[in-house]
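Colleague: So that we are looking at the same thing, I have put the structure below in C-alpha cells.
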Amino acid sequence: MTHVTSSPAAPPLDPELAAALALQLGGDPSPIGIDDVAVKRAEEAQVALEVLEQIKERDLVVVEGTATSHDGAHVPVSVVHRKDRGPSSPVILYIHGGGMMMGNRWSGADVIFDWVEHYNAVVATVEYRLAPEHPFPAPQEDCYAALVWLEESSRRLGVNLEAGLVAGISAGAGLAASVCLMARDRGGPRVGGQLLLAPMLDDRNDSVSARQFPRGMWNRQENELGWRSLLGPLHGADDVPYVAAPARCADLRGLPPAFIEVGSAEVFRDEAVEYASKLWAAGGEAELHVWAGGFHGFQTFDHTALARASAGALRSWMDRRLGFTGRA
Amino acid sequence: MKELLQRLGALDESASAALKIITFFDTLLEQGAGIEPFVRGAAVLSGFPAGFAHPVHRIWVRVDGEGNRLPVEETAEAARSWPHKDLGDGSGGIVWLERPGTPGVNDALLLERAASGLHITLERVSPLDLDDAGAIEVLLSATSTDDARRKAARRLRLREGSLVKVVAAPSDAAPTHARSAVLGTQVGPMLAAIVEAAGPDPSGRAGVGDPGPIRELDRSWSQAQLALRVGSRVSPVTHWSDLGALGALAQAADANPAVDHEDLAAVAEVMAEQWGEDTLDALLLTDSVRAAAQLLGLHHSTVQARQAQVETILGFRVGAGLGRARLAAALVLHRVRTVRFAG
C-alpha cells in the first residue's frame, strides 16, 4: 500500500477549455465521494425544477408515461415535444448521465431542448433508478423498459421507433449501449441509431486513459465509485455481464449505427475507441470523434471552439441519421 | 468530388442519363437514405436548386445545384410555378426543380424518381398507423408488400426469422393468444391467432396452419381456415399437416364450387339426422364400432345400428378399406361446401 505510482503522461487539455475549467472550478476539485452523492442529487433536483419552468416558458408539450421494469417497478418517462410537431417527427429516447448514481431525467435538458427545437423531435426521457440503492440490473432494466414502453405507446404517441434514436451522455450513454444490446438479445424494439456521448462502458476501469486521469473531471476514482455502486458484489468479478458493462461484449453484431464521441483527455477515451472498433469489426456502423484536449463534459463549455466543433459533428450525424437538416 | 458533381450536372439528354438517374435514386432508396438526400440528388443531378415541401409532415427542404442548403418558404404554393411533381398521396407534398427556361428532357423523370423516393422514405420513417388487429390483417393478407409485413411484424413483436403459424377459431371463441383478431373470411368471421410454431395445441374448435416464416403467414392462414372448416365437434382441432391429400381436396373444392358427386348428397342426408354428424366422425376416427361407441359414450349396439343405417343411405360400407377413404373425402367436400361461421 505504500507503493506510490505517478500517473502516466497524459494528453494536455485544450487551452481554452483549461482556462474555462480553472475559472469555474478554481483548480483541482476533490473527487466526488459517496457522501457527496446526496448533496449532488439535491442540487440536481433544484435544477430539474428550473427545467420544468423552461418547458412552460417554451410552451412545450409534456406527456407523462409509466414504464414497467423487469421487477414490476414503475419507471416514469416524460415525453417532450413542440406543439407543432409533425407526424414524422423523429423520436429520441434520452438517458441522462451521472455516473449511475446521480442525475434525474431533466439533467442535461439542454440537449432535449436542442433536439425538440432543431429537429422538432419527440424526446422521451427516463427516470431510471440509481445506484447504489438500486444496483445492476435496475438502471439497465428501467431504461430498457422505457424503450419497450415507447414502442408499445408508439401508436398513441404517433412515433416510429425504428426511425428514431437511443441517446445518452456519460453513464446514460453506457445505458444507451446496454439498451441496444438488450433489445438485440431479446428481440426487442429496433431503433435507427445509438448516440453515445462520452460513454461509460468498461467496469474494469484499467485502460491507459483510465490510468492517465486519476484527477480531473470524472476521474478514475469517481469512475471506480460509479462502477462499485452499480455492480455491488459483482464489482471486480471476471464475469460481469455485458449488459452492465457493454465493453465486455465480444459480439457487437446486429446493433444500430452508432455515434460515439469522447475527449482525448478523459477516462472513457480508450473504451469509447475500442467500442467503435468492435462495431466496425462486427460489420456495424460507427462514427467516432475523439476531441483533442477535451476532458469529460467539455461539451458544456459551449463557447469554446472544441465544444462547437463537437456540437457541429453531432448535428451533422443526426442530420444524416434522421434524414434532414433541422432548423438553424 | 467536384469532378463527380460536374459529371452528374452535365448529364446529357440521352437514355444513359435516364438510367443514371434511376440508378442514383434506387441506390438512395436501397440504402435507406433520409429525406434530404433525395432533394440534394435532384439538385446536383440537374445543376439547379431543388426543393421539397410537405405541409402535413411540416418538412421544407431546398438545396442548390452544389448541394448547399438554401432558405425555403414554408409553403408549397410558390413552388408550383417551377417544374414540379406532386407526391401523389393526396397530402400536398411537392418536389420541384428551379430550372429557368426550357425544361430539361430528363427533368420529368428526375422529379418523378425523387418524388417516388421521397414518398416511400416518408412512409418508412412515419409512425405505423396500425393496431394489433390491423397488423395481423397485413400479415395474413396475400397482397401485402414486404415493407408492410415487416412493419406489422414489428408491431406484433415477432422476431425476424421466427417460425410461426396461424390458428383459426370461430369468432366467438375466447382469444387465448396475444396476437389474435377477428377477421372476415369468405365463410364468415373467424378468430385468427398468430402463434409460435412450437406452441401448444389450442383448446376448443380450431384449425391450425403449417408453421413457416413470417412472410408466408398468409398461406398458413388459408390452411388454418380450411382446417377449421373441415373439423367438427367430435374432432375439434384439425392440423392442416394431418389432412394430407384431403387438404388438397379441400383446397380444390373451395376454389371450384362446381365440384360435386352423389356421395355428397348422401352425406348431407346422413347429416340431416340429429345423430348423423357425430356418428360419421366417430366411425372415421376409430377402428371399430366398439371404439366409436366409446368415443360417443353410447352402447355399441346403438352405434352398430346407426352404422347400418348410414351404410344404407350412402350405399357403401364405411367400416374399412376404400369405403372409409370415400367417406372421408365426401365429408371434407361436404363441409367445405356447407360449413359457415356466424358473426
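Starting from 1 in every chain, residues are counted up; chains themselves are A, B, ... following the order of the C-alpha cells, and ligands are numbered from 1 as listed.
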Apply DSSP to the backbone of this structure and, from segment 76-324 of chain B, keep only the residues in strand (DSSP E); write these as a count of residues only.

Modeller: 34

Colleague: Define the interface residues of chain B facing chain A as those within 10 Å, counting only C-alpha atoms, and report them as a VMD selection string.

Modeller: chain B and resid 32 to 39 55 to 61 69 121 to 131 151 154 to 160

Colleague: Rounded to one decimal place, report the atom CA of Ala168 of chain B-atom CA of Arg205 of chain B distance in Å.

Modeller: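 Atom-to-atom, atom CA of Ala168 of chain B to atom CA of Arg205 of chain B, that is 8.5 Å.
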
Colleague: Give me, as a count of residues only, all polymer residues having an atom no more than 12 Å from Gly276 of chain B, counting only C-alpha atoms and skipping those fewer than 6 positions away in the same chain.

Modeller: 18

Colleague: Go through A:Val75, A:Val61, A:Ala109, A:Ile92 and flag the residue nearest Val47 of chain A, using only C-alpha atoms for the distances.

Modeller: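 Result for the nearest residue to Val47 of chain A: A:Ala109.
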
Colleague: Find the residues near Gly343 of chain B: any atom within 10 Å, counting only C-alpha atoms, skip ones fewer than 3 places away on the same chain, and give them as a short mmCIF file (atom, residue, chain, number, x, y, z; two decimals) with C-alpha atoms, in the first residue's frame.

Modeller:
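Output contents, as saved in around-v3.cif:
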data_model
loop_
_atom_site.label_atom_id
_atom_site.label_comp_id
_atom_site.auth_asym_id
_atom_site.auth_seq_id
_atom_site.Cartn_x
_atom_site.Cartn_y
_atom_site.Cartn_z
CA PRO B 170 -64.85 -19.49 -34.54
CA SER B 171 -65.19 -15.76 -33.91
CA ASP B 172 -66.97 -16.26 -30.59
CA VAL B 182 -61.42 -11.46 -35.65
CA GLY B 184 -63.74 -11.63 -42.11
CA GLY B 188 -67.88 -15.67 -42.18
CA PRO B 189 -65.79 -14.15 -39.40
CA MET B 190 -63.09 -16.19 -37.69
CA ARG B 340 -70.31 -21.28 -42.50
#

Colleague: Just checking: using only C-alpha atoms, which residue out of A:Arg211, A:Ala22, A:Asp142, A:Gly103 ends up closest to Ala9 of chain A?

Modeller: A:Arg211

Colleague: What does the distance from atom CA of His334 of chain B to atom CA of Leu264 of chain B come to in Å, to one decimal?

Modeller: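 That distance, rounded to one decimal, is 5.8 Å.
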
Colleague: Tell me which protein, DNA and RNA residues are within 10 Å of His118 of chain A, counting only C-alpha atoms, leaving out same-chain ones fewer than 3 positions away, and put them as a compact mmCIF listing (two decimals) with N, CA and C atoms, in the first residue's frame.

Modeller:
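Result file follows (out.txt):
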# COMPACT_ATOMS: atom_id res chain seq x y z
N ILE A 112 -32.16 18.03 -24.77
CA ILE A 112 -33.58 17.76 -25.05
C ILE A 112 -34.18 18.95 -25.79
N PHE A 113 -33.92 20.15 -25.24
CA PHE A 113 -34.46 21.35 -25.89
C PHE A 113 -33.90 21.51 -27.30
N ASP A 114 -32.61 21.23 -27.44
CA ASP A 114 -31.98 21.38 -28.74
C ASP A 114 -32.64 20.46 -29.77
N TRP A 115 -32.86 19.21 -29.40
CA TRP A 115 -33.45 18.26 -30.36
C TRP A 115 -34.91 18.59 -30.65
N ALA A 121 -38.18 17.18 -32.70
CA ALA A 121 -38.19 15.79 -32.26
C ALA A 121 -39.15 15.58 -31.09
N ARG A 315 -24.46 17.30 -34.79
CA ARG A 315 -25.59 17.74 -35.62
C ARG A 315 -25.51 17.13 -37.02
N THR A 325 -31.84 18.14 -42.47
CA THR A 325 -31.20 19.18 -41.67
C THR A 325 -32.29 19.92 -40.92
N GLY A 326 -32.12 20.01 -39.63
CA GLY A 326 -33.16 20.67 -38.84
C GLY A 326 -33.13 22.18 -39.01
N ARG A 327 -33.94 22.82 -38.22
CA ARG A 327 -33.95 24.29 -38.21
C ARG A 327 -32.59 24.80 -37.77
N ALA A 328 -32.20 25.98 -38.30
CA ALA A 328 -30.91 26.58 -37.92
C ALA A 328 -30.97 27.01 -36.45

Colleague: With a distance cut-off of 10 Å and only C-alpha atoms, select the neighbouring residues of Gln251 of chain B, excluding the residue or stretch itself and same-chain residues fewer than 4 positions from it, and output the selection as a PDB file with N, CA and C atoms, in the first residue's frame.

Modeller:
ATOM      1  N   SER B 222     -54.697 -19.425 -44.767  1.00  0.00           N
ATOM      2  CA  SER B 222     -55.711 -20.084 -45.612  1.00  0.00           C
ATOM      3  C   SER B 222     -55.796 -21.575 -45.266  1.00  0.00           C
ATOM      4  N   GLN B 223     -54.657 -22.159 -44.877  1.00  0.00           N
ATOM      5  CA  GLN B 223     -54.691 -23.562 -44.430  1.00  0.00           C
ATOM      6  C   GLN B 223     -55.502 -23.698 -43.141  1.00  0.00           C
ATOM      7  N   LEU B 226     -59.286 -23.536 -43.776  1.00  0.00           N
ATOM      8  CA  LEU B 226     -59.846 -24.776 -44.325  1.00  0.00           C
ATOM      9  C   LEU B 226     -59.844 -25.881 -43.263  1.00  0.00           C
ATOM     10  N   ALA B 245     -53.513 -35.284 -48.324  1.00  0.00           N
ATOM     11  CA  ALA B 245     -54.160 -35.046 -49.611  1.00  0.00           C
ATOM     12  C   ALA B 245     -55.603 -34.579 -49.436  1.00  0.00           C
ATOM     13  N   LEU B 246     -56.204 -34.868 -48.278  1.00  0.00           N
ATOM     14  CA  LEU B 246     -57.556 -34.352 -48.045  1.00  0.00           C
ATOM     15  C   LEU B 246     -57.546 -32.827 -48.022  1.00  0.00           C
ATOM     16  N   GLY B 247     -56.415 -32.255 -47.569  1.00  0.00           N
ATOM     17  CA  GLY B 247     -56.272 -30.797 -47.588  1.00  0.00           C
ATOM     18  C   GLY B 247     -56.293 -30.276 -49.016  1.00  0.00           C
ATOM     19  N   ALA B 255     -61.877 -23.807 -54.252  1.00  0.00           N
ATOM     20  CA  ALA B 255     -61.633 -22.971 -55.424  1.00  0.00           C
ATOM     21  C   ALA B 255     -62.682 -23.201 -56.503  1.00  0.00           C
ATOM     22  N   ASN B 256     -63.281 -24.370 -56.479  1.00  0.00           N
ATOM     23  CA  ASN B 256     -64.221 -24.716 -57.542  1.00  0.00           C
ATOM     24  C   ASN B 256     -65.525 -25.258 -56.962  1.00  0.00           C
ATOM     25  N   LEU B 333     -65.518 -32.700 -48.521  1.00  0.00           N
ATOM     26  CA  LEU B 333     -66.159 -31.905 -49.577  1.00  0.00           C
ATOM     27  C   LEU B 333     -67.467 -31.293 -49.073  1.00  0.00           C
ATOM     28  N   VAL B 336     -66.607 -28.340 -46.712  1.00  0.00           N
ATOM     29  CA  VAL B 336     -66.116 -27.164 -47.443  1.00  0.00           C
ATOM     30  C   VAL B 336     -67.303 -26.444 -48.088  1.00  0.00           C
TER      31      VAL B 336
END

Colleague: Which value, in Å to one decimal, gives the distance between atom CA of Gly283 of chain A and atom CA of Cys249 of chain A?

Modeller: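 Rounded to one decimal, the two atoms are 14.9 Å apart.
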
Colleague: Just want the 9 Å neighbourhood of Thr75 of chain B, counted on only C-alpha atoms, with same-chain residues fewer than 3 positions away dropped. Output as a PDB file with N, CA and C atoms, in the first residue's frame.

Modeller:
ATOM      1  N   ALA B  53     -41.475  20.312 -50.317  1.00  0.00           N
ATOM      2  CA  ALA B  53     -42.341  20.868 -49.279  1.00  0.00           C
ATOM      3  C   ALA B  53     -43.416  19.842 -48.953  1.00  0.00           C
ATOM      4  N   HIS B  54     -43.599  19.612 -47.668  1.00  0.00           N
ATOM      5  CA  HIS B  54     -44.653  18.693 -47.248  1.00  0.00           C
ATOM      6  C   HIS B  54     -45.388  19.285 -46.062  1.00  0.00           C
ATOM      7  N   PRO B  55     -46.498  19.971 -46.343  1.00  0.00           N
ATOM      8  CA  PRO B  55     -47.196  20.683 -45.268  1.00  0.00           C
ATOM      9  C   PRO B  55     -47.660  19.757 -44.141  1.00  0.00           C
ATOM     10  N   TRP B  60     -39.716  21.226 -44.944  1.00  0.00           N
ATOM     11  CA  TRP B  60     -39.390  22.101 -46.055  1.00  0.00           C
ATOM     12  C   TRP B  60     -37.896  22.030 -46.286  1.00  0.00           C
ATOM     13  N   VAL B  72     -35.927  28.467 -47.392  1.00  0.00           N
ATOM     14  CA  VAL B  72     -37.127  27.999 -48.080  1.00  0.00           C
ATOM     15  C   VAL B  72     -38.358  28.611 -47.428  1.00  0.00           C
ATOM     16  N   ALA B  78     -45.597  28.528 -53.789  1.00  0.00           N
ATOM     17  CA  ALA B  78     -44.633  29.216 -54.645  1.00  0.00           C
ATOM     18  C   ALA B  78     -43.958  28.246 -55.604  1.00  0.00           C
ATOM     19  N   ALA B  79     -43.845  26.981 -55.171  1.00  0.00           N
ATOM     20  CA  ALA B  79     -43.109  26.001 -55.950  1.00  0.00           C
ATOM     21  C   ALA B  79     -43.837  25.615 -57.235  1.00  0.00           C
TER      22      ALA B  79
END
